[in-house]
Amino acid sequence: MADIFSEDFLIERPLLQALKPAAEGPPVLLIDELDRTDEPFEAFLLELLSDFQISIPEIGNISASEPPIVILTSNRTREIHDALKRRCLYHWVDYPDMEREQKILSSRAPDVPANLSREVVSFVHALRDTDLFKSPGIAETIDWAEALIQLDKISLDSVAVDDTLGVLLKYQDDIAKIEGSEAARLLQQIKQDALAGS
């Protein structure tokens, strides 16, 4: 009878797969939103990044013949342990500028009219300058523009903004802070800026 505590019965998940050699070169392991994982996983990942191996008590250590390229992302919802951060090169990815975000929106939601697209991006950028618990990301920009299209909007107005803020903002405190007079103020500001720029 075969020993069930052997590699024959081991299900290889992404971390273990990243230690296996590949003909194309070192494997690439992407761990998205590490800050949303639990701390035991972070400790487990630390061994992988320190020694490029995984310890399995019943089998032993499985080591990489060639270290994988590991990419970690974090949205800073919680602090990552210093020991893990020391093993990483850090690169901050900020929100794109308005021109770049406009291009992203146009490519991902081509049915959004150009005028509405400009207003959406301008409004989102104005929101990001506001003190919010969670600023809207690019995904929310795209989702919001598509929601406005479903409502047959070709331009932003106060009612549409208030009715759809939940697409942009994911915390009730942020919605309560912006809806109504603050949303109207931001909307007036971006429309005035558009007139001044034309």
# chains A, B, ... in the order shown; residues from 1 in each chain; ligands from 1
>>> select_by_dssp(residues="range 5-180 of chain A", states="strand (DSSP E or B)", output="ChimeraX atom specification")
/A:28-31,53-56,60-63,69-72
>>> closest_atom_pairs(of="range 75-190 of chain A", to="range 21-38 of chain A", cutoff="7 Å", atoms="only C-alpha atoms", output="tab-separated table")
residue	atom	partner	partner_atom	distance
A:Asn75	CA	A:Glu33	CA	6.2
A:Arg76	CA	A:Asp35	CA	6.3
A:Thr77	CA	A:Asp35	CA	6.0
A:Arg78	CA	A:Asp35	CA	5.5
A:Glu79	CA	A:Asp35	CA	6.9
A:Ile80	CA	A:Asp35	CA	6.4
>>> atom_distance(atom1="CA of Trp144 in chain A", atom2="CA of Ala114 in chain A")
14.5 Å
>>> closest_residue(among="A:Ile59, A:Ala109, A:Ile104, A:Leu45", to="Ile4 in chain A", atoms="only C-alpha atoms")
A:Ile59
>>> residues_around(residues="Val159 in chain A", least_positions_apart="6", cutoff="12 Å", atoms="only C-alpha atoms", output="ChimeraX atom specification")
/A:148,151,153,165,179-181,183-184,187
>>> residues_around(residues="range 169-176 of chain A", least_positions_apart="4", cutoff="8 Å", atoms="only C-alpha atoms", output="ChimeraX atom specification")
/A:132-136,165
>>> closest_residue(among="A:Ser50, A:Gln188, A:Ser155, A:Ser106", to="Thr141 in chain A", atoms="only C-alpha atoms")
A:Ser106
>>> closest_residue(among="A:Leu10, A:Val161, A:Val93, A:Val112", to="Gly137 in chain A", atoms="only C-alpha atoms")
A:Val93
>>> closest_atom_pairs(of="range 57-110 of chain A", to="range 116-129 of chain A", cutoff="8 Å", atoms="only C-alpha atoms", output="JSON lines")
{"residue": "A:Met98", "atom": "CA", "partner": "A:Val121", "partner_atom": "CA", "distance": 6.5}
{"residue": "A:Glu101", "atom": "CA", "partner": "A:Val121", "partner_atom": "CA", "distance": 6.9}
{"residue": "A:Gln102", "atom": "CA", "partner": "A:Val121", "partner_atom": "CA", "distance": 6.4}
{"residue": "A:Leu105", "atom": "CA", "partner": "A:Ser117", "partner_atom": "CA", "distance": 7.2}
{"residue": "A:Ser106", "atom": "CA", "partner": "A:Ser117", "partner_atom": "CA", "distance": 7.5}
>>> atom_distance(atom1="CA of Asp82 in chain A", atom2="CA of Glu42 in chain A")
10.9 Å
>>> atom_distance(atom1="CA of Phe44 in chain A", atom2="CA of Ile56 in chain A")
11.0 Å
>>> closest_residue(among="A:Phe41, A:Phe52, A:Asp97, A:Gly60", to="Glu7 in chain A", atoms="only C-alpha atoms")
A:Gly60
>>> closest_residue(among="A:Leu16, A:Val70, A:Ala83, A:Cys88", to="Ser55 in chain A", atoms="only C-alpha atoms")
A:Leu16
